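For reference, query05.tsv is printed below; it contains TSV, C-alpha atoms (C1' of nucleotides).
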chain	number	residue	atom	x	y	z
A	15	MET	CA	119.64	121.26	147.18
A	16	SER	CA	119.54	123.45	144.09
A	17	TYR	CA	119.50	122.29	140.49
A	18	ASN	CA	123.12	123.36	140.01
A	19	GLU	CA	124.24	121.48	143.06
A	20	HIS	CA	122.57	118.40	141.66
A	21	MET	CA	124.52	118.72	138.45
A	22	LYS	CA	127.84	118.82	140.26
A	23	GLU	CA	127.10	115.73	142.26
A	24	THR	CA	126.03	113.31	139.60
A	25	ILE	CA	127.58	111.65	136.61
A	26	SER	CA	124.17	110.42	135.47
A	27	HIS	CA	122.63	111.93	132.35
A	28	TYR	CA	119.78	112.94	134.61
A	29	PRO	CA	119.88	116.09	136.72
A	30	LEU	CA	118.70	113.97	139.63
A	31	ALA	CA	120.83	111.10	140.88
A	32	ARG	CA	119.12	107.82	141.66
A	33	ASN	CA	119.66	108.15	145.39
A	34	GLU	CA	118.12	111.61	145.38
A	35	VAL	CA	115.02	110.36	143.63
A	36	THR	CA	114.85	107.54	146.16
A	37	ALA	CA	114.90	110.08	148.96
A	38	LEU	CA	112.20	112.15	147.25
A	39	LEU	CA	109.87	109.17	147.08
A	40	LYS	CA	110.56	108.10	150.66
A	41	GLU	CA	109.92	111.61	151.93
A	42	ASN	CA	106.50	111.35	150.35
A	43	GLY	CA	105.71	107.96	151.80
A	44	ILE	CA	106.17	106.09	148.54
A	45	THR	CA	107.97	102.75	148.43
A	46	PRO	CA	110.82	103.30	145.97
A	47	THR	CA	110.60	100.41	143.52
A	48	ARG	CA	112.75	100.15	140.42
A	49	GLN	CA	109.88	101.18	138.12
A	50	ARG	CA	108.81	104.13	140.23
A	51	LEU	CA	112.38	105.35	140.36
A	52	GLU	CA	112.78	105.14	136.62
A	53	ILE	CA	109.56	107.01	136.03
A	54	ALA	CA	110.41	109.65	138.63
A	55	GLN	CA	113.92	110.12	137.30
A	56	TYR	CA	112.61	110.72	133.80
A	57	LEU	CA	109.75	112.89	135.00
A	58	PHE	CA	111.70	115.23	137.24
A	59	GLN	CA	114.76	115.74	135.05
A	60	LYS	CA	113.08	118.98	134.04
A	61	GLN	CA	109.81	120.80	134.23
A	62	GLN	CA	107.55	119.26	131.59
A	63	HIS	CA	104.07	118.15	130.61
A	64	LEU	CA	103.82	114.49	129.67
A	65	SER	CA	101.10	112.02	128.78
A	66	ALA	CA	101.04	108.51	130.21
A	67	GLU	CA	101.83	107.02	126.81
A	68	ARG	CA	104.75	109.38	126.36
A	69	ILE	CA	106.18	108.41	129.74
A	70	LEU	CA	105.80	104.74	128.87
A	71	GLU	CA	107.60	105.11	125.55
A	72	SER	CA	110.37	107.30	126.87
A	73	VAL	CA	111.24	105.26	129.90
A	74	ASN	CA	111.23	102.04	127.91
A	75	ALA	CA	113.28	103.64	125.13
A	76	LEU	CA	116.01	104.20	127.70
A	77	GLY	CA	116.36	100.44	127.92
A	78	HIS	CA	114.44	99.90	131.12
A	79	HIS	CA	111.10	98.17	131.28
A	80	VAL	CA	107.92	99.48	132.78
A	81	SER	CA	104.45	98.25	131.86
A	82	ARG	CA	101.56	100.46	130.83
A	83	ALA	CA	99.52	99.56	133.92
A	84	THR	CA	102.43	100.48	136.15
A	85	VAL	CA	102.75	103.88	134.50
A	86	TYR	CA	99.09	104.58	135.15
A	87	ASN	CA	99.34	103.27	138.72
A	88	THR	CA	102.45	105.27	139.40
A	89	MET	CA	101.15	108.51	137.95
A	90	GLY	CA	97.95	108.11	139.96
A	91	LEU	CA	100.03	107.60	143.07
A	92	PHE	CA	102.33	110.55	142.35
A	93	THR	CA	99.28	112.73	141.76
A	94	SER	CA	97.64	111.72	145.03
A	95	LYS	CA	100.89	112.41	146.87
A	96	GLY	CA	101.21	115.81	145.27
A	97	LEU	CA	104.38	115.09	143.31
A	98	VAL	CA	102.77	115.89	139.99
A	99	ARG	CA	99.64	117.66	138.89
A	100	GLU	CA	97.10	116.50	136.35
A	101	VAL	CA	96.24	119.01	133.66
A	102	LEU	CA	93.05	118.24	131.75
A	103	ILE	CA	93.19	120.13	128.51
A	104	ASP	CA	93.22	117.63	125.77
A	105	ARG	CA	90.11	115.59	125.28
A	106	GLU	CA	92.04	112.43	124.66
A	107	ARG	CA	94.74	112.29	127.23
A	108	VAL	CA	95.76	113.54	130.63
A	109	PHE	CA	98.93	115.57	130.95
A	110	TYR	CA	101.05	115.23	134.06
A	111	ASP	CA	102.85	118.40	135.05
A	112	SER	CA	106.15	117.79	136.82
A	113	ASN	CA	105.99	121.31	138.23
A	114	CYS	CA	103.72	121.41	141.28
A	115	GLN	CA	104.23	125.05	142.14
A	116	PRO	CA	101.09	127.13	141.58
A	117	HIS	CA	101.24	128.31	137.98
A	118	HIS	CA	99.05	128.50	134.93
A	119	HIS	CA	99.13	127.29	131.36
A	120	ILE	CA	99.10	128.43	127.80
A	121	TYR	CA	97.73	125.84	125.41
A	122	ASN	CA	98.50	126.28	121.74
A	123	LEU	CA	95.46	125.04	119.84
A	124	ASP	CA	97.41	124.89	116.59
A	125	THR	CA	100.30	122.75	117.79
A	126	GLY	CA	98.91	121.07	120.90
A	127	GLU	CA	101.83	122.42	122.91
A	128	LEU	CA	101.31	123.14	126.59
A	129	ASN	CA	103.51	125.78	128.17
A	130	ASP	CA	103.68	127.66	131.42
A	131	VAL	CA	102.59	131.24	131.86
A	132	GLU	CA	105.66	133.21	132.79
A	133	GLY	CA	105.97	134.46	136.33
A	134	SER	CA	105.65	138.13	135.54
A	135	SER	CA	102.10	137.78	134.22
A	136	ASP	CA	99.17	139.02	136.22
A	137	ILE	CA	96.56	136.46	137.00
A	138	ASN	CA	94.41	137.03	140.01
A	139	VAL	CA	91.68	134.79	141.24
A	140	ILE	CA	90.29	136.32	144.39
A	141	ASN	CA	87.09	137.05	146.23
A	142	ILE	CA	85.09	134.25	144.66
A	143	SER	CA	81.34	134.25	145.11
A	144	GLY	CA	79.28	131.11	144.85
A	145	LEU	CA	81.48	128.68	146.76
A	146	PRO	CA	79.39	125.96	148.38
A	147	GLU	CA	79.11	126.04	152.17
A	148	GLY	CA	82.09	124.59	153.99
A	149	CYS	CA	84.15	124.11	150.87
A	150	ARG	CA	87.69	125.23	150.39
A	151	ILE	CA	89.58	125.82	147.16
A	152	VAL	CA	91.74	122.79	146.43
A	153	ASP	CA	93.18	123.94	143.13
A	154	THR	CA	92.72	126.71	140.64
A	155	GLU	CA	93.42	125.94	137.05
A	156	VAL	CA	93.84	128.69	134.51
A	157	VAL	CA	94.33	127.67	130.91
A	158	ILE	CA	94.76	130.30	128.23
A	159	LYS	CA	94.04	128.88	124.80
A	160	VAL	CA	95.84	130.60	121.93
A	161	SER	CA	95.86	130.23	118.17
A	162	GLN	CA	97.24	131.99	115.11
A	163	LYS	CA	93.99	131.47	113.25
B	4	MET	CA	64.55	139.37	122.79
B	5	SER	CA	64.92	138.82	126.52
B	6	TYR	CA	64.17	135.65	128.42
B	7	ASN	CA	60.99	137.15	129.85
B	8	GLU	CA	59.77	138.20	126.45
B	9	HIS	CA	60.29	134.66	125.28
B	10	MET	CA	58.13	133.35	128.08
B	11	LYS	CA	55.22	135.59	127.12
B	12	GLU	CA	55.30	134.53	123.52
B	13	THR	CA	55.28	130.79	123.80
B	14	ILE	CA	53.00	128.16	125.16
B	15	SER	CA	55.73	125.54	124.85
B	16	HIS	CA	57.21	124.05	128.01
B	17	TYR	CA	60.48	125.43	126.72
B	18	PRO	CA	61.50	129.04	127.22
B	19	LEU	CA	62.42	129.12	123.55
B	20	ALA	CA	59.77	128.51	120.91
B	21	ARG	CA	60.63	126.24	118.02
B	22	ASN	CA	60.66	129.10	115.50
B	23	GLU	CA	63.05	131.08	117.66
B	24	VAL	CA	65.46	128.17	117.85
B	25	THR	CA	65.18	127.81	114.09
B	26	ALA	CA	66.15	131.43	113.68
B	27	LEU	CA	69.07	131.00	116.07
B	28	LEU	CA	70.48	128.15	114.02
B	29	LYS	CA	69.97	129.95	110.70
B	30	GLU	CA	71.69	133.06	112.03
B	31	ASN	CA	74.68	130.89	112.73
B	32	GLY	CA	74.71	129.24	109.33
B	33	ILE	CA	73.37	125.92	110.57
B	34	THR	CA	70.75	124.00	108.61
B	35	PRO	CA	67.85	123.58	111.05
B	36	THR	CA	67.01	119.90	110.94
B	37	ARG	CA	64.53	118.27	113.28
B	38	GLN	CA	67.25	116.69	115.41
B	39	ARG	CA	69.31	119.84	115.71
B	40	LEU	CA	66.24	121.79	116.73
B	41	GLU	CA	65.33	119.29	119.41
B	42	ILE	CA	68.84	119.32	120.81
B	43	ALA	CA	69.05	123.11	120.70
B	44	GLN	CA	65.66	123.56	122.31
B	45	TYR	CA	66.67	121.33	125.20
B	46	LEU	CA	70.12	122.83	125.49
B	47	PHE	CA	69.16	126.49	125.54
B	48	GLN	CA	66.09	126.23	127.77
B	49	LYS	CA	68.42	127.38	130.53
B	50	GLN	CA	72.06	127.87	131.30
B	51	GLN	CA	73.50	124.43	132.04
B	52	HIS	CA	76.40	122.05	131.73
B	53	LEU	CA	75.58	118.80	129.99
B	54	SER	CA	77.42	115.74	128.77
B	55	ALA	CA	76.71	114.17	125.39
B	56	GLU	CA	75.15	111.13	127.04
B	57	ARG	CA	72.91	113.33	129.17
B	58	ILE	CA	71.70	115.25	126.14
B	59	LEU	CA	70.97	112.00	124.34
B	60	GLU	CA	68.97	110.60	127.24
B	61	SER	CA	67.05	113.78	127.92
B	62	VAL	CA	66.04	114.56	124.39
B	63	ASN	CA	64.95	110.99	123.78
B	64	ALA	CA	63.08	110.88	127.10
B	65	LEU	CA	60.93	113.72	125.77
B	66	GLY	CA	59.62	111.30	123.18
B	67	HIS	CA	61.71	112.47	120.24
B	68	HIS	CA	64.43	110.42	118.70
B	69	VAL	CA	68.00	111.44	118.14
B	70	SER	CA	70.88	109.01	117.72
B	71	ARG	CA	74.12	109.07	119.67
B	72	ALA	CA	76.19	109.89	116.59
B	73	THR	CA	73.94	112.81	115.79
B	74	VAL	CA	74.33	114.21	119.28
B	75	TYR	CA	78.11	114.11	118.93
B	76	ASN	CA	77.97	115.58	115.42
B	77	THR	CA	75.60	118.31	116.50
B	78	MET	CA	77.53	119.28	119.60
B	79	GLY	CA	80.73	119.42	117.57
B	80	LEU	CA	78.97	121.67	115.08
B	81	PHE	CA	77.47	123.92	117.77
B	82	THR	CA	80.89	124.22	119.38
B	83	SER	CA	82.59	125.18	116.14
B	84	LYS	CA	79.89	127.78	115.50
B	85	GLY	CA	80.30	129.21	118.97
B	86	LEU	CA	76.82	128.32	120.23
B	87	VAL	CA	78.17	126.24	123.10
B	88	ARG	CA	81.51	125.93	124.82
B	89	GLU	CA	83.32	122.74	125.72
B	90	VAL	CA	84.49	122.51	129.30
B	91	LEU	CA	87.11	119.84	129.92
B	92	ILE	CA	87.09	119.06	133.58
B	93	ASP	CA	86.09	115.51	133.96
B	94	ARG	CA	88.50	112.94	132.67
B	95	GLU	CA	85.77	110.80	131.22
B	96	ARG	CA	83.41	113.13	129.53
B	97	VAL	CA	83.15	116.52	127.89
B	98	PHE	CA	80.68	119.03	129.28
B	99	TYR	CA	78.94	121.42	126.95
B	100	ASP	CA	78.16	124.80	128.46
B	101	SER	CA	75.06	126.42	127.05
B	102	ASN	CA	76.31	129.78	128.28
B	103	CYS	CA	78.85	131.24	125.88
B	104	GLN	CA	79.38	134.51	127.68
B	105	PRO	CA	82.86	134.78	129.21
B	106	HIS	CA	82.61	133.29	132.67
B	107	HIS	CA	84.41	130.83	134.87
B	108	HIS	CA	83.64	127.65	136.74
B	109	ILE	CA	83.59	126.10	140.15
B	110	TYR	CA	83.97	122.35	140.09
B	111	ASN	CA	82.96	120.46	143.20
B	112	LEU	CA	85.34	117.52	143.52
B	113	ASP	CA	83.07	115.81	146.05
B	114	THR	CA	79.87	115.85	144.02
B	115	GLY	CA	81.10	116.32	140.45
B	116	GLU	CA	78.87	119.39	140.12
B	117	LEU	CA	79.94	122.15	137.80
B	118	ASN	CA	78.70	125.66	138.55
B	119	ASP	CA	79.38	129.17	137.38
B	120	VAL	CA	81.38	131.68	139.31
B	121	GLU	CA	79.02	134.49	140.21
B	122	GLY	CA	79.45	137.78	138.45
B	123	SER	CA	80.62	139.77	141.42
B	124	SER	CA	83.78	137.71	141.83
B	125	ASP	CA	87.14	139.10	140.88
B	126	ILE	CA	89.07	137.09	138.39
B	127	ASN	CA	91.59	138.90	136.30
B	128	VAL	CA	93.71	137.37	133.62
B	129	ILE	CA	95.72	140.17	132.10
B	130	ASN	CA	99.16	141.06	130.86
B	131	ILE	CA	100.19	137.54	129.98
B	132	SER	CA	103.84	136.88	129.22
B	133	GLY	CA	104.96	133.97	127.12
B	134	LEU	CA	102.40	134.08	124.33
B	135	PRO	CA	103.83	132.66	121.11
B	136	GLU	CA	104.50	135.16	118.29
B	137	GLY	CA	101.42	136.09	116.30
B	138	CYS	CA	99.04	134.22	118.54
B	139	ARG	CA	95.88	135.62	120.00
B	140	ILE	CA	93.94	134.41	123.01
B	141	VAL	CA	91.00	132.35	121.81
B	142	ASP	CA	89.62	131.38	125.18
B	143	THR	CA	90.56	131.58	128.80
B	144	GLU	CA	89.34	128.85	131.04
B	145	VAL	CA	89.40	129.25	134.79
B	146	VAL	CA	88.30	126.33	136.87
B	147	ILE	CA	88.28	126.54	140.64
B	148	LYS	CA	88.23	123.11	142.20
B	149	VAL	CA	86.64	122.92	145.64
B	150	SER	CA	86.12	120.21	148.22
B	151	GLN	CA	84.91	119.82	151.80
B	152	LYS	CA	87.67	117.36	152.55
C	23	DT	C1'	66.58	116.05	92.68
C	24	DT	C1'	70.64	115.97	95.51
C	25	DG	C1'	74.09	116.92	98.73
C	26	DG	C1'	74.16	117.32	103.41
C	27	DG	C1'	72.30	114.98	107.61
C	28	DT	C1'	71.16	110.84	110.23
C	29	DG	C1'	71.18	106.10	112.29
C	30	DC	C1'	73.34	102.07	113.40
C	31	DA	C1'	76.90	99.21	114.61
C	32	DA	C1'	81.55	98.41	114.51
C	33	DA	C1'	86.00	100.50	115.40
C	34	DC	C1'	89.12	103.15	118.16
C	35	DT	C1'	91.69	104.73	122.14
C	36	DA	C1'	92.82	106.14	126.80
C	37	DT	C1'	92.32	104.15	131.01
C	38	DT	C1'	90.97	100.52	134.43
C	39	DT	C1'	90.70	95.95	136.26
C	40	DG	C1'	91.49	90.94	137.51
C	41	DC	C1'	94.69	87.93	138.67
C	42	DA	C1'	98.96	85.35	138.71
C	43	DT	C1'	103.81	86.45	139.49
C	44	DT	C1'	107.58	89.00	141.51
C	45	DC	C1'	109.87	92.06	144.57
C	46	DG	C1'	111.24	95.23	148.52
C	47	DA	C1'	111.97	95.41	153.33
D	10	DT	C1'	108.55	85.72	154.57
D	11	DC	C1'	104.60	88.46	153.05
D	12	DG	C1'	102.02	92.19	151.74
D	13	DA	C1'	102.70	95.42	148.22
D	14	DA	C1'	103.88	96.18	143.45
D	15	DT	C1'	104.03	94.66	138.73
D	16	DG	C1'	102.83	92.72	134.11
D	17	DC	C1'	99.75	91.16	130.92
D	18	DA	C1'	95.59	90.88	128.66
D	19	DA	C1'	90.89	91.55	128.74
D	20	DA	C1'	87.35	94.79	129.87
D	21	DT	C1'	85.35	99.44	129.97
D	22	DA	C1'	83.57	103.75	128.30
D	23	DG	C1'	83.54	107.95	125.72
D	24	DT	C1'	83.97	109.17	121.19
D	25	DT	C1'	84.65	108.49	116.09
D	26	DT	C1'	83.89	106.37	111.73
D	27	DG	C1'	81.95	103.87	107.56
D	28	DC	C1'	78.22	103.45	104.99
D	29	DA	C1'	73.41	102.92	103.57
D	30	DC	C1'	69.29	105.59	103.87
D	31	DC	C1'	66.65	109.92	104.34
D	32	DC	C1'	65.21	114.61	104.13
D	33	DA	C1'	65.56	119.89	103.74
D	34	DA	C1'	65.89	123.16	100.15
Rewrite the structure from the file as C-alpha cells, please.
Amino acid sequence: MSYNEHMKETISHYPLARNEVTALLKENGITPTRQRLEIAQYLFQKQQHLSAERILESVNALGHHVSRATVYNTMGLFTSKGLVREVLIDRERVFYDSNCQPHHHIYNLDTGELNDVEGSSDINVINISGLPEGCRIVDTEVVIKVSQK
Amino acid sequence: MSYNEHMKETISHYPLARNEVTALLKENGITPTRQRLEIAQYLFQKQQHLSAERILESVNALGHHVSRATVYNTMGLFTSKGLVREVLIDRERVFYDSNCQPHHHIYNLDTGELNDVEGSSDINVINISGLPEGCRIVDTEVVIKVSQK
DNA sequence: TTGGGTGCAAACTATTTGCATTCGA
DNA sequence: TCGAATGCAAATAGTTTGCACCCAA
C-alpha cells in the first residue's frame, strides 16, 4: 500500500492507521503492545532520524505514556528486527533512522542535523580488499560531514 | 622523513624519537608537555585505533604517569589540530585513529576489531546531491560492517 | 613569573539492569 | 492463566568539569 493510499484510508493525524502499524509489527514477529504501537506510529509517520530521548518526549507529549526503559527496549527490538537502523554519528546519542532502505547520510557539523544523501548522488563501495575470511558485509555506512566553517 | 629513516636514527623502542615527536607537536602549534609527548609517542608508533581508556592504560603501563582527564584533553586537542581522527563506531567509546590520511574502515561486528580498508579497494563518494548551501565536505566516513553470522 | 596544563574527584548523561507489576493472547 | 512486556529507580560507564597545584617558556 502506497503512502497516498494510506492517507485516503485514515482519519488519524498519522499517515499510518493503528491497524496498519499492528500488521507491520506482526509481520515482523513483534507482539503489538500499546507502547510499541505508539512508538511505531510516531516513528513511521515519515522518514526521520530520532534519538531515544526525542522519541520518549514526543510520544508522551501526545498524551500517551511510555517509559524511558520501554523506549530503549523497543528501539533495540525494532533494530534487531530490521525495522529501523541505528546511525552512530553523534558521540552522545544514537539516532534511529526510520528509513531502512540502503542510503547514506549528510551530517551538518554546525547544526547537528542529519539528512539523507539524495538518490541521484554517486556513492560506490565495491571490490573491497581486506575483508576477513568467511565474513560478509552486513551494512555499509557512509556519512559525509559538512560545515560552513 | 620516512618510517625507515626514523628507525635508523633512534635507539628508542618507539619508531619515533622523542625530539621528533616534539617537533611534530610544535609544527602543529601544540605546546609539547611531558604528558602530550608520551601520549603522542605511543599513539604514532604505528597506525592504530585506540580508545581513551586504552591509551591511558598503555601509557601508564610503560611506567609514565598521565591522568584520565589529560588523556581526554590531549586527544580532544590532537583531534582539533588534525593529528588524529575520531571514529565513531562503537556506541560506548570513541576510537582515535592515528592515521589521518583519507581512508575507510572495516568493522568486525563479531570481534569488535576495527581495520583499514586496503588501498586497492574501490570506494567512490562523488557528485553528492543535497549538500546545504555554502557547505563544504569536512570529512567522509565510510564504515563497512562485516560478520560471519 | 605566569598563563596554560595537569591531576583528582565529583558531576553529568545516555543507556542498562533488577525486580515487582501489568498486560496480551 | 502465564509468560512476556512494562515502569521505576538504581546502577553503569564513558566523558566532562571545577578547582587547586604545577611547569614550560
Using all atoms listed in the file, determine which residues lie at most 8 Å from A:Asp124, disregarding the query and same-chain residues fewer than 6 positions distant; provide the list as a PDB file with C-alpha atoms, in the frame of the given file.
ATOM      1  CA  VAL A 160      95.840 130.600 121.930  1.00  0.00           C
ATOM      2  CA  SER A 161      95.860 130.230 118.170  1.00  0.00           C
ATOM      3  CA  GLN A 162      97.240 131.990 115.110  1.00  0.00           C
TER       4      GLN A 162
END
Expected answer as a PyMOL selection string: chain B residues within 9 Å of chain C, only C-alpha atoms (C1' of nucleotides): chain B and resi 36+38+69-73
Set out as JSON lines a contact list for chain A and chain B with a cut-off of 12 Å, giving each residue of chain A that qualifies its closest atom pair and distance in Å to one decimal, counting only C-alpha atoms, ordered by chain and rising residue number.
{"residue": "A:Glu100", "atom": "CA", "partner": "B:Arg94", "partner_atom": "CA", "distance": 10.0}
{"residue": "A:Val101", "atom": "CA", "partner": "B:Ile92", "partner_atom": "CA", "distance": 9.2}
{"residue": "A:Leu102", "atom": "CA", "partner": "B:Ile92", "partner_atom": "CA", "distance": 6.3}
{"residue": "A:Ile103", "atom": "CA", "partner": "B:Leu91", "partner_atom": "CA", "distance": 6.2}
{"residue": "A:Asp104", "atom": "CA", "partner": "B:Leu91", "partner_atom": "CA", "distance": 7.7}
{"residue": "A:Arg105", "atom": "CA", "partner": "B:Leu91", "partner_atom": "CA", "distance": 7.0}
{"residue": "A:Glu106", "atom": "CA", "partner": "B:Arg94", "partner_atom": "CA", "distance": 8.8}
{"residue": "A:Arg107", "atom": "CA", "partner": "B:Arg94", "partner_atom": "CA", "distance": 8.3}
{"residue": "A:Val108", "atom": "CA", "partner": "B:Arg94", "partner_atom": "CA", "distance": 7.6}
{"residue": "A:Phe109", "atom": "CA", "partner": "B:Arg94", "partner_atom": "CA", "distance": 10.9}
{"residue": "A:His118", "atom": "CA", "partner": "B:Val145", "partner_atom": "CA", "distance": 9.7}
{"residue": "A:His119", "atom": "CA", "partner": "B:Gly133", "partner_atom": "CA", "distance": 9.8}
{"residue": "A:Ile120", "atom": "CA", "partner": "B:Leu134", "partner_atom": "CA", "distance": 7.4}
{"residue": "A:Tyr121", "atom": "CA", "partner": "B:Leu134", "partner_atom": "CA", "distance": 9.5}
{"residue": "A:Asn122", "atom": "CA", "partner": "B:Pro135", "partner_atom": "CA", "distance": 8.3}
{"residue": "A:Leu123", "atom": "CA", "partner": "B:Val141", "partner_atom": "CA", "distance": 8.8}
{"residue": "A:Asp124", "atom": "CA", "partner": "B:Cys138", "partner_atom": "CA", "distance": 9.7}
{"residue": "A:Thr125", "atom": "CA", "partner": "B:Pro135", "partner_atom": "CA", "distance": 11.0}
{"residue": "A:Glu127", "atom": "CA", "partner": "B:Pro135", "partner_atom": "CA", "distance": 10.6}
{"residue": "A:Leu128", "atom": "CA", "partner": "B:Leu134", "partner_atom": "CA", "distance": 11.2}
{"residue": "A:Asn129", "atom": "CA", "partner": "B:Gly133", "partner_atom": "CA", "distance": 8.4}
{"residue": "A:Asp130", "atom": "CA", "partner": "B:Gly133", "partner_atom": "CA", "distance": 7.7}
{"residue": "A:Val131", "atom": "CA", "partner": "B:Gly133", "partner_atom": "CA", "distance": 6.0}
{"residue": "A:Glu132", "atom": "CA", "partner": "B:Ser132", "partner_atom": "CA", "distance": 5.4}
{"residue": "A:Gly133", "atom": "CA", "partner": "B:Ser132", "partner_atom": "CA", "distance": 7.8}
{"residue": "A:Ser134", "atom": "CA", "partner": "B:Ser132", "partner_atom": "CA", "distance": 6.7}
{"residue": "A:Ser135", "atom": "CA", "partner": "B:Ile131", "partner_atom": "CA", "distance": 4.7}
{"residue": "A:Asp136", "atom": "CA", "partner": "B:Ile129", "partner_atom": "CA", "distance": 5.5}
{"residue": "A:Ile137", "atom": "CA", "partner": "B:Val128", "partner_atom": "CA", "distance": 4.5}
{"residue": "A:Asn138", "atom": "CA", "partner": "B:Asn127", "partner_atom": "CA", "distance": 5.0}
{"residue": "A:Val139", "atom": "CA", "partner": "B:Ile126", "partner_atom": "CA", "distance": 4.5}
{"residue": "A:Ile140", "atom": "CA", "partner": "B:Asp125", "partner_atom": "CA", "distance": 5.5}
{"residue": "A:Asn141", "atom": "CA", "partner": "B:Ser124", "partner_atom": "CA", "distance": 5.5}
{"residue": "A:Ile142", "atom": "CA", "partner": "B:Ser124", "partner_atom": "CA", "distance": 4.7}
{"residue": "A:Ser143", "atom": "CA", "partner": "B:Ser124", "partner_atom": "CA", "distance": 5.4}
{"residue": "A:Gly144", "atom": "CA", "partner": "B:Glu121", "partner_atom": "CA", "distance": 5.7}
{"residue": "A:Leu145", "atom": "CA", "partner": "B:Ile109", "partner_atom": "CA", "distance": 7.4}
{"residue": "A:Pro146", "atom": "CA", "partner": "B:Val149", "partner_atom": "CA", "distance": 8.3}
{"residue": "A:Glu147", "atom": "CA", "partner": "B:Gln151", "partner_atom": "CA", "distance": 8.5}
{"residue": "A:Gly148", "atom": "CA", "partner": "B:Gln151", "partner_atom": "CA", "distance": 6.0}
{"residue": "A:Cys149", "atom": "CA", "partner": "B:Gln151", "partner_atom": "CA", "distance": 4.5}
{"residue": "A:Arg150", "atom": "CA", "partner": "B:Val149", "partner_atom": "CA", "distance": 5.4}
{"residue": "A:Ile151", "atom": "CA", "partner": "B:Val149", "partner_atom": "CA", "distance": 4.4}
{"residue": "A:Val152", "atom": "CA", "partner": "B:Val149", "partner_atom": "CA", "distance": 5.2}
{"residue": "A:Asp153", "atom": "CA", "partner": "B:Lys148", "partner_atom": "CA", "distance": 5.1}
{"residue": "A:Thr154", "atom": "CA", "partner": "B:Ile147", "partner_atom": "CA", "distance": 4.4}
{"residue": "A:Glu155", "atom": "CA", "partner": "B:Val146", "partner_atom": "CA", "distance": 5.1}
{"residue": "A:Val156", "atom": "CA", "partner": "B:Val145", "partner_atom": "CA", "distance": 4.5}
{"residue": "A:Val157", "atom": "CA", "partner": "B:Glu144", "partner_atom": "CA", "distance": 5.1}
{"residue": "A:Ile158", "atom": "CA", "partner": "B:Thr143", "partner_atom": "CA", "distance": 4.4}
{"residue": "A:Lys159", "atom": "CA", "partner": "B:Asp142", "partner_atom": "CA", "distance": 5.1}
{"residue": "A:Val160", "atom": "CA", "partner": "B:Ile140", "partner_atom": "CA", "distance": 4.4}
{"residue": "A:Ser161", "atom": "CA", "partner": "B:Cys138", "partner_atom": "CA", "distance": 5.1}
{"residue": "A:Gln162", "atom": "CA", "partner": "B:Cys138", "partner_atom": "CA", "distance": 4.5}
{"residue": "A:Lys163", "atom": "CA", "partner": "B:Cys138", "partner_atom": "CA", "distance": 7.8}
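The two atoms in question, atom CA of A:Gly90 and atom CA of B:Tyr75, are spaced 29.5 Å apart.
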Do me a favour and pick out the residues of chain D within 9 Å of chain B, using all atoms listed in the file, as a PDB file with C-alpha atoms (C1' of nucleotides), keeping the file's coordinate frame.
ATOM      1  C1'  DA D  22      83.570 103.750 128.300  1.00  0.00           C
ATOM      2  C1'  DG D  23      83.540 107.950 125.720  1.00  0.00           C
ATOM      3  C1'  DT D  24      83.970 109.170 121.190  1.00  0.00           C
ATOM      4  C1'  DT D  25      84.650 108.490 116.090  1.00  0.00           C
ATOM      5  C1'  DC D  32      65.210 114.610 104.130  1.00  0.00           C
ATOM      6  C1'  DA D  33      65.560 119.890 103.740  1.00  0.00           C
TER       7       DA D  33
END
Near B:Gln44, within 9 Å and counting all atoms listed in the file, which residues show up once chain neighbours fewer than 2 positions away are dropped, as a PyMOL selection string? chain B and resi 17-21+24+39-42+46-48
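The gap separating atom CA of A:Ser112 from atom C1' of D:DA13 is 25.3 Å, in Å to one decimal.
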